[in-house]
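Listing of coords.txt, compact mmCIF, C-alpha atoms
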# COMPACT_ATOMS: atom_id res chain seq x y z
CA MET A 8 94.56 99.81 84.47
CA ILE A 9 90.88 100.74 84.24
CA PRO A 10 90.01 104.06 85.92
CA LEU A 11 87.16 103.82 88.38
CA PRO A 12 85.66 106.31 89.10
CA SER A 13 86.42 108.90 86.44
CA ASP A 14 88.91 110.89 88.54
CA GLY A 15 91.38 107.99 88.48
CA SER A 16 91.53 107.72 92.27
CA VAL A 17 90.69 104.01 91.97
CA SER A 18 92.00 101.55 89.41
CA ILE A 19 91.62 97.83 88.85
CA ALA A 20 94.90 95.92 89.08
CA GLY A 21 93.41 92.57 88.10
CA ARG A 22 90.43 90.24 88.38
CA SER A 23 89.61 86.56 88.26
CA PRO A 24 88.86 85.16 84.80
CA GLY A 25 85.29 84.23 83.98
CA LEU A 26 83.90 86.20 86.91
CA VAL A 27 80.11 86.33 86.50
CA ALA A 28 79.35 89.56 88.34
CA ALA A 29 75.58 89.21 88.09
CA ALA A 30 75.68 85.88 89.97
CA VAL A 31 77.45 87.30 93.03
CA GLU A 32 75.21 87.43 96.12
CA VAL A 33 77.79 88.63 98.67
CA VAL A 34 80.83 90.90 98.25
CA VAL A 35 83.66 90.76 100.81
CA THR A 36 85.83 93.89 100.91
CA LEU A 37 89.35 93.61 102.27
CA PRO A 38 91.57 96.71 102.62
CA THR A 39 95.33 96.19 102.87
CA PHE A 40 98.41 98.30 103.55
CA LYS A 41 101.93 96.83 103.74
CA ARG A 42 100.86 93.46 105.16
CA PRO A 43 101.26 91.02 102.26
CA GLU A 44 101.81 87.91 104.43
CA GLN A 45 98.85 88.68 106.66
CA LEU A 46 96.74 89.50 103.62
CA LEU A 47 97.41 86.05 102.18
CA ALA A 48 96.39 84.45 105.48
CA THR A 49 93.15 86.44 105.47
CA LEU A 50 92.45 85.41 101.88
CA ALA A 51 93.08 81.75 102.76
CA SER A 52 90.47 81.99 105.52
CA LEU A 53 87.99 83.51 103.06
CA LYS A 54 88.65 80.80 100.49
CA ALA A 55 87.82 78.24 103.21
CA GLN A 56 84.36 79.69 103.91
CA GLN A 57 81.64 77.06 104.24
CA THR A 58 78.66 78.52 102.47
CA GLY A 59 76.45 77.94 99.48
CA ARG A 60 76.27 81.65 98.77
CA ARG A 61 78.14 82.89 95.72
CA PHE A 62 80.59 85.52 96.85
CA ALA A 63 83.40 87.63 95.43
CA ILE A 64 86.27 89.39 97.19
CA ILE A 65 87.54 92.90 96.52
CA VAL A 66 91.05 93.57 97.82
CA MET A 67 91.70 97.31 98.19
CA GLU A 68 95.43 98.05 98.01
CA ASN A 69 96.06 101.38 99.75
CA GLU A 70 99.82 101.59 99.17
CA ALA A 71 99.87 102.89 95.63
CA GLU A 72 103.66 102.78 95.10
CA ALA A 73 105.16 99.40 96.01
CA ARG A 74 101.78 97.62 96.13
CA ALA A 75 103.13 94.64 98.06
CA GLY A 76 99.65 93.43 98.96
CA ALA A 77 98.35 93.64 95.41
CA GLN A 78 101.40 91.82 94.07
CA ALA A 79 100.96 89.03 96.61
CA ALA A 80 97.24 88.62 95.99
CA LEU A 81 97.02 89.06 92.22
CA PRO A 82 98.24 85.56 91.26
CA LEU A 83 95.45 84.00 93.34
CA PHE A 84 92.82 86.02 91.51
CA GLU A 85 94.32 85.73 88.04
CA ARG A 86 94.58 81.92 88.39
CA GLY A 87 90.94 81.81 89.44
CA ASP A 88 91.76 80.43 92.89
CA ILE A 89 89.76 83.26 94.42
CA PRO A 90 86.79 85.02 92.75
CA GLY A 91 86.83 88.79 92.61
CA MET A 92 89.26 91.60 91.91
CA VAL A 93 92.19 93.59 93.25
CA ILE A 94 91.91 97.36 93.09
CA VAL A 95 94.24 100.21 94.02
CA ALA A 96 92.91 103.08 96.12
CA HIS A 97 95.44 105.74 95.20
CA GLU A 98 94.48 108.18 97.97
CA ARG A 99 96.03 107.17 101.30
CA GLY A 100 93.82 106.60 104.32
CA ASN A 101 91.51 103.89 105.59
CA CYS A 102 88.33 105.81 104.72
CA SER A 103 89.58 106.24 101.14
CA ALA A 104 90.25 102.49 100.92
CA TYR A 105 86.80 101.54 102.22
CA ASN A 106 85.08 104.04 99.94
CA ALA A 107 86.95 102.66 96.95
CA GLY A 108 85.98 99.08 97.72
CA TRP A 109 82.36 99.82 98.49
CA GLN A 110 81.88 101.93 95.38
CA THR A 111 83.56 99.26 93.26
CA ALA A 112 81.13 96.69 94.68
CA ILE A 113 78.15 98.85 93.75
CA LEU A 114 79.44 99.51 90.23
CA HIS A 115 80.63 96.01 89.33
CA PHE A 116 78.28 93.60 91.13
CA PRO A 117 74.72 94.64 90.29
CA ASP A 118 72.80 92.04 92.31
CA PHE A 119 74.69 91.49 95.57
CA ARG A 120 72.60 91.74 98.72
CA HIS A 121 75.21 91.85 101.48
CA LEU A 122 78.64 93.51 101.64
CA LEU A 123 81.03 92.21 104.29
CA VAL A 124 84.17 93.85 105.65
CA ILE A 125 87.26 92.20 107.11
CA ASP A 126 90.72 93.65 107.72
CA ASP A 127 94.08 92.29 106.56
CA ASP A 128 95.16 91.44 110.12
CA GLU A 129 92.15 89.20 110.71
CA ILE A 130 91.28 85.55 110.12
CA ALA A 131 87.67 84.57 109.51
CA ASP A 132 86.18 81.46 111.06
CA PRO A 133 84.95 79.01 108.37
CA GLN A 134 81.29 79.83 109.11
CA TRP A 135 81.87 83.59 109.33
CA LEU A 136 80.27 84.67 106.04
CA GLU A 137 77.27 82.37 106.39
CA ARG A 138 76.60 83.36 110.00
CA MET A 139 76.82 87.09 109.27
CA CYS A 140 74.39 86.82 106.36
CA LYS A 141 72.04 84.55 108.28
CA ALA A 142 72.03 86.95 111.24
CA ALA A 143 71.09 89.86 108.96
CA GLU A 144 68.21 87.88 107.53
CA THR A 145 67.00 86.40 110.84
CA LEU A 146 67.24 89.66 112.79
CA GLY A 147 65.87 91.78 109.97
CA ALA A 148 68.99 93.92 110.31
CA ASP A 149 70.43 96.19 107.63
CA ILE A 150 73.88 96.21 109.27
CA VAL A 151 75.44 93.49 111.43
CA GLY A 152 78.61 93.62 113.52
CA GLY A 153 80.60 90.72 114.89
CA PRO A 154 83.37 90.20 117.45
CA GLN A 155 87.03 90.78 116.67
CA MET A 156 88.72 88.34 119.04
CA PRO A 157 92.28 89.45 119.87
CA VAL A 158 95.13 87.03 119.27
CA PHE A 159 98.14 88.45 121.08
CA ALA A 160 101.66 88.01 119.72
CA ASP A 161 102.78 87.12 123.26
CA ALA A 162 100.51 84.65 125.05
CA ALA A 163 101.23 86.44 128.32
CA HIS A 164 99.34 89.45 126.96
CA ALA A 165 96.04 87.54 126.92
CA ILE A 166 95.18 89.28 130.19
CA TRP A 167 94.43 92.35 128.03
CA ALA A 168 91.57 90.61 126.22
CA GLU A 169 88.93 92.14 128.50
CA HIS A 170 90.27 95.69 128.26
CA PRO A 171 87.67 97.94 126.56
CA VAL A 172 90.09 98.65 123.70
CA PHE A 173 90.01 94.94 122.74
CA ALA A 174 86.79 93.48 124.18
CA PRO A 175 83.70 93.27 121.91
CA PRO A 176 80.87 95.65 122.83
CA TYR A 177 78.23 92.87 123.00
CA ARG A 178 78.20 89.23 124.07
CA GLU A 179 74.90 87.97 122.64
CA THR A 180 73.32 87.88 119.20
CA GLY A 181 70.45 90.27 118.63
CA ARG A 182 69.46 93.74 117.57
CA VAL A 183 71.64 96.48 119.10
CA PRO A 184 71.38 100.27 119.43
CA ALA A 185 74.87 101.11 118.12
CA LEU A 186 77.90 99.67 116.36
CA TYR A 187 81.38 101.14 116.34
CA SER A 188 83.77 99.25 114.08
CA SER A 189 84.08 98.02 110.51
CA GLY A 190 86.64 95.35 111.39
CA ASN A 191 83.93 92.68 111.25
CA LEU A 192 80.86 94.06 109.55
CA LEU A 193 78.00 93.36 107.17
CA VAL A 194 76.30 96.23 105.36
CA GLY A 195 73.23 95.75 103.20
CA ARG A 196 73.30 97.02 99.65
CA ASN A 197 70.20 99.02 100.52
CA VAL A 198 72.23 100.99 103.09
CA LEU A 199 75.00 101.80 100.62
CA THR A 200 72.64 102.91 97.87
CA ALA A 201 70.63 105.07 100.28
CA MET A 202 73.63 106.77 101.90
CA GLY A 203 75.66 107.08 98.72
CA PRO A 204 79.35 107.82 98.19
CA PRO A 205 81.51 108.97 99.78
CA PHE A 206 80.36 106.54 102.45
CA LEU A 207 83.04 107.32 105.03
CA ASP A 208 84.00 110.90 105.87
CA LEU A 209 87.59 111.50 104.74
CA LYS A 210 88.39 113.72 107.71
CA PHE A 211 88.67 110.47 109.70
CA ASN A 212 91.18 109.00 107.20
CA PHE A 213 94.17 108.83 109.56
CA MET A 214 92.45 109.08 112.93
CA GLY A 215 90.01 106.22 112.54
CA GLY A 216 86.37 106.66 113.42
CA GLY A 217 85.04 107.01 109.90
CA ASP A 218 83.32 103.66 110.41
CA SER A 219 81.82 104.75 113.74
CA ASP A 220 80.54 107.94 112.13
CA PHE A 221 79.06 106.00 109.18
CA LEU A 222 77.32 103.57 111.53
CA SER A 223 75.99 106.42 113.68
CA ARG A 224 74.55 108.16 110.62
CA ALA A 225 73.03 104.89 109.40
CA ALA A 226 71.31 104.31 112.74
CA GLN A 227 70.10 107.91 112.77
CA GLY A 228 68.70 107.31 109.29
CA GLY A 229 66.53 104.46 110.58
CA PHE A 230 68.54 101.42 109.50
CA VAL A 231 68.37 98.45 111.88
CA LEU A 232 71.61 97.32 113.54
CA GLY A 233 72.36 93.80 114.74
CA TRP A 234 75.12 91.77 116.35
CA CYS A 235 76.18 88.19 115.60
CA ALA A 236 78.24 86.83 118.51
CA GLU A 237 78.95 83.58 116.66
CA ALA A 238 80.52 85.20 113.57
CA GLN A 239 84.02 85.72 114.92
CA VAL A 240 87.17 86.93 113.28
CA ARG A 241 90.53 86.58 115.02
CA GLU A 242 92.60 89.76 115.01
CA SER A 243 96.40 89.73 115.34
CA VAL A 244 97.58 92.06 118.09
CA PRO A 245 101.30 92.92 117.97
CA ALA A 246 103.18 93.42 121.22
CA ARG A 247 103.35 97.20 120.78
CA ARG A 248 99.57 97.46 121.15
CA VAL A 249 99.67 96.48 124.81
CA GLU A 250 102.23 99.14 125.66
CA ALA A 251 100.91 101.84 127.99
CA ASP A 252 101.42 104.71 125.53
CA TRP A 253 99.55 102.90 122.72
CA ILE A 254 96.63 102.00 125.00
CA ARG A 255 96.49 105.57 126.27
CA ALA A 256 96.64 107.02 122.75
CA ARG A 257 93.89 104.69 121.52
CA SER A 258 91.69 105.56 124.52
CA LEU A 259 92.17 109.31 123.99
CA ARG A 260 91.45 108.82 120.30
CA ASN A 261 88.20 107.01 121.13
CA GLY A 262 87.17 110.04 123.16
CA VAL A 263 87.99 112.42 120.31
CA ILE A 264 85.99 110.30 117.89
CA SER A 265 83.07 110.21 120.32
CA THR A 266 82.92 114.00 120.38
CA LEU A 267 83.26 114.39 116.60
CA VAL A 268 80.61 111.77 115.86
CA GLU A 269 78.19 113.25 118.39
CA LYS A 270 78.67 116.75 116.96
CA LYS A 271 77.78 115.47 113.49
CA LYS A 272 74.76 113.65 114.92
CA ARG A 273 73.49 116.81 116.64
CA ALA A 274 74.31 119.15 113.75
CA GLY A 275 71.50 121.58 113.05
CA THR A 276 69.90 121.31 116.49
CA PRO A 277 69.85 124.27 118.92
CA PHE A 278 73.00 124.73 121.00
CA ALA A 279 74.44 121.49 119.64
CA GLY A 280 78.09 122.39 120.29
CA THR A 281 77.37 123.62 123.80
CA LYS A 282 75.43 120.48 124.68
CA VAL A 283 78.23 118.22 123.47
CA PHE A 284 80.83 120.20 125.41
CA LEU A 285 78.77 120.13 128.60
CA LYS A 286 78.28 116.40 128.22
CA SER A 287 82.04 115.97 127.81
CA LEU A 288 82.68 117.98 130.97
CA ALA A 289 80.11 115.91 132.86
CA LEU A 290 81.75 112.69 131.71
CA LEU A 291 85.15 114.05 132.74
CA ALA A 292 83.82 114.88 136.21
CA ALA A 293 82.28 111.41 136.55
CA SER A 294 85.24 109.51 135.07
CA PRO A 295 87.24 109.08 138.35
CA PHE A 296 84.21 107.46 139.96
CA ARG A 297 83.57 105.26 136.94
CA GLY A 298 87.25 104.34 136.94
CA ALA A 299 87.15 103.44 140.63
CA ALA A 300 84.15 101.18 140.01
CA ARG A 301 86.01 99.43 137.20
CA LEU A 302 89.06 99.02 139.41
CA ALA A 303 86.96 97.42 142.15
CA ARG A 304 85.30 95.11 139.63
CA THR A 305 88.33 94.07 137.55
CA GLY A 306 91.39 94.81 139.66
CA SER A 307 92.99 96.29 136.52
CA LEU A 308 94.40 99.81 136.72
CA ALA A 309 94.61 100.05 132.92
CA THR A 310 90.92 99.20 132.62
CA ALA A 311 90.11 101.71 135.37
CA LEU A 312 91.93 104.48 133.50
CA TYR A 313 89.99 103.90 130.29
CA PRO A 314 86.91 106.08 131.07
CA ILE A 315 89.23 108.84 132.30
CA HIS A 316 91.27 108.82 129.09
CA VAL A 317 88.13 108.73 126.94
CA ALA A 318 86.64 111.68 128.82
CA VAL A 319 89.90 113.64 128.50
CA GLY A 320 89.91 112.87 124.77
CA ARG A 321 86.36 114.15 124.43
CA VAL A 322 87.34 117.48 126.01
CA LEU A 323 90.60 117.75 124.05
CA ALA A 324 88.62 117.37 120.82
CA GLU A 325 86.97 120.71 121.61
CA PHE A 326 90.39 122.34 121.30
CA GLY A 327 91.36 120.71 118.02
CA TYR A 328 93.29 117.70 119.34
CA ALA A 329 93.35 114.80 116.88
CA ASN A 330 95.45 111.70 117.42
CA GLU A 331 96.06 110.37 113.90
CA GLN A 332 97.38 106.93 114.82
CA TYR A 333 97.08 105.73 111.22
CA ARG A 334 99.33 108.50 109.89
CA GLN A 335 102.33 106.30 110.76
CA PRO A 336 100.93 102.77 110.38
CA GLU A 337 104.24 101.12 111.28
CA LYS A 338 103.77 102.51 114.80
CA ASN A 339 100.10 101.58 115.04

Before we go any further, please render this structure as structure tokens.
Amino acid sequence: MIPLPSDGSVSIAGRSPGLVAAAVEVVVTLPTFKRPEQLLATLASLKAQQTGRRFAIIVMENEAEARAGAQAALPLFERGDIPGMVIVAHERGNCSAYNAGWQTAILHFPDFRHLLVIDDDEIADPQWLERMCKAAETLGADIVGGPQMPVFADAAHAIWAEHPVFAPPYRETGRVPALYSSGNLLVGRNVLTAMGPPFLDLKFNFMGGGDSDFLSRAAQGGFVLGWCAEAQVRESVPARRVEADWIRARSLRNGVISTLVEKKKRAGTPFAGTKVFLKSLALLAASPFRGAARLARTGSLATALYPIHVAVGRVLAEFGYANEQYRQPEKN
């Protein structure tokens, strides 16, 4: 095992033979945690990409003991079926996994232009990589997001597809003011080198939101954000994620993240904390009316409750509430 970086928090489990790192134009990073079967399905979709761009894949195993994902993926890399490497991010947490993969890309692939991110519960369309890269180049965008289309374990749950927890934030390709998720993302090498490691704030490791914070800071730093509606990935949604308590917890969590990200954005400005708190209170006061409007428009009580739960989460964040849904991933 080769230590990377020097503190040993990241190590290389294996790599494809004859990998010419200097020829790689695009790096795809793929974090995994206890989903070996789904990881293999994601890798199969990446192998099937229709593009002339030379790309490599970095799998970031974040379960440092059993390493089921790494063990499942390694034969594909070591046989040369898939170009790239499998690394182990020894520190638990999704931010730690992303940081490990992104830093490995910077250190090992000197000439890549675009870094893409996909999760181990997602399947990429065959044109995904090409469309994301093309969108970045056409839009002049440093960072590009794409839709994560939910695929529900039970077909009857498809009615949830338009709920704000699952629906994509944009419908059309173009430049956008904000992005929120790394589940389907392109980041330019220029962004990574400018922002430097650690890219994602580790305090979001088990809550989620490290990606939202990173994207907020990137936008604040002047990087251009874009959206590619055609570059879809299909995300598996287990039945437990449409249960009322999971939806409520995710909505509250989104509110908490909103407050934490906004506080970081306003840091150093006069009365920053007070302004964020007053905004949260205003959103809480307005949330019943916003919910009623959603109910009239959609007929869905769950959708109507979303702005209320988010506003409550924003206020709860002021009192130290943090819903760490990723602390127990088997329940997530």

Straight-line distance linking atom CA of Arg301 of chain A with atom CA of Val151 of chain A, stated in Å to one decimal: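 Distance reported for this atom pair: 28.5 Å.
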
Counting all atoms listed in the file, the option among A:Phe213, A:Tyr105, A:Trp135, A:Phe116 closest to Ser189 of chain A: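 Selected residue with least distance to Ser189 of chain A: A:Tyr105.
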
Shell around Val172 of chain A at 9 Å using all atoms listed in the file, local window under 6 positions removed, as a VMD selection string: chain A and resid 254 257 to 258 261 310 313

Output file for the residues above (C-alpha atoms, as a compact mmCIF listing (two decimals), in the frame of the given file):
# COMPACT_ATOMS: atom_id res chain seq x y z
CA ILE A 254 96.63 102.00 125.00
CA ARG A 257 93.89 104.69 121.52
CA SER A 258 91.69 105.56 124.52
CA ASN A 261 88.20 107.01 121.13
CA THR A 310 90.92 99.20 132.62
CA TYR A 313 89.99 103.90 130.29

Straight-line distance linking atom CA of Gly100 of chain A with atom CA of Gly216 of chain A, stated in Å to one decimal: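 We find that atom CA of Gly100 of chain A and atom CA of Gly216 of chain A lie 11.8 Å from each other.
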
For atom CA of Gly152 of chain A and atom CA of Ala225 of chain A, the interatomic separation in Å (one decimal):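 One can read the atom CA of Gly152 of chain A to atom CA of Ala225 of chain A distance as 13.2 Å.
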
Within 9 Å of file point (87.6, 104.0, 102.7), counting only C-alpha atoms, expressed as a PyMOL selection string: chain A and resi 38+96+100-109+205-209+212+217-218

For Gly195 of chain A: contacts at 9 Å, all atoms listed in the file, fewer than 6 positions along chain excluded, given as an MDAnalysis selection string: chainID A and resid 119:123 143 148:151

Go ahead and save the residues from that selection, with C-alpha atoms, as a PDB file, keeping the file's coordinate frame.
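And here is the file that came out, selection-v4.pdb:
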ATOM      1  CA  PHE A 119      74.690  91.490  95.570  1.00  0.00           C
ATOM      2  CA  ARG A 120      72.600  91.740  98.720  1.00  0.00           C
ATOM      3  CA  HIS A 121      75.210  91.850 101.480  1.00  0.00           C
ATOM      4  CA  LEU A 122      78.640  93.510 101.640  1.00  0.00           C
ATOM      5  CA  LEU A 123      81.030  92.210 104.290  1.00  0.00           C
ATOM      6  CA  ALA A 143      71.090  89.860 108.960  1.00  0.00           C
ATOM      7  CA  ALA A 148      68.990  93.920 110.310  1.00  0.00           C
ATOM      8  CA  ASP A 149      70.430  96.190 107.630  1.00  0.00           C
ATOM      9  CA  ILE A 150      73.880  96.210 109.270  1.00  0.00           C
ATOM     10  CA  VAL A 151      75.440  93.490 111.430  1.00  0.00           C
TER      11      VAL A 151
END

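Of the listed residues (A:Asp118, A:Glu98, A:Glu68, A:Glu331), A:Asp118 comes nearest to Asn197 of chain A; the distances count only C-alpha atoms.
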
Using only C-alpha atoms: which of A:Gly153, A:Gly306, A:Gly320, A:Gly275 has the shortest distance to Leu193 of chain A: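 Looking at the shortest contact to Leu193 of chain A, the residue is A:Gly153.
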
Which of A:Leu53, A:Ala165, A:Ala20, A:Ala80 sits closest to Thr39 of chain A [using only C-alpha atoms]: A:Ala80

What lies within 8 Å of Ala329 of chain A using all atoms listed in the file, ignoring chain neighbours under 4 positions off, as a PDB file with C-alpha atoms, in the coordinates of the input?
ATOM      1  CA  MET A 214      92.450 109.080 112.930  1.00  0.00           C
ATOM      2  CA  ARG A 260      91.450 108.820 120.300  1.00  0.00           C
ATOM      3  CA  VAL A 263      87.990 112.420 120.310  1.00  0.00           C
ATOM      4  CA  ALA A 324      88.620 117.370 120.820  1.00  0.00           C
TER       5      ALA A 324
END

From A:Ser243, A:Ser307, A:Ser18, A:Gln56, residue lying nearest Phe159 of chain A [only C-alpha atoms]: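 Closest to Phe159 of chain A of all the choices is A:Ser243.
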
Contacts of segment 292-297 of chain A at 6 Å (all atoms listed in the file; same-chain gap of 3+ positions) as a count of residues only: 4

A:Val95, A:Ala185, A:Val322, A:Val66 ranked by distance to Leu83 of chain A, top pick (using all atoms listed in the file):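 Using all atoms listed in the file, Leu83 of chain A sits closest to A:Val66.
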
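Near segment 26-30 of chain A, within 9 Å and counting all atoms listed in the file, sit A:Arg61, A:Phe62, A:Ala63, A:Gly87, A:Pro90, A:Gly91, A:His115, A:Phe116, A:Pro117, A:Asp118, A:Phe119; same-chain residues fewer than 6 positions away were not included.
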
Produce the centre coordinates and the three edge lengths, each in Å to one decimal, of the box along x, y and z that contains all listed atoms of segment 139-152 of chain A with 6 Å added on each side, as AutoDock Vina command-line options.
--center_x 72.2 --center_y 90.4 --center_z 109.9 --size_x 24.7 --size_y 23.7 --size_z 19.2
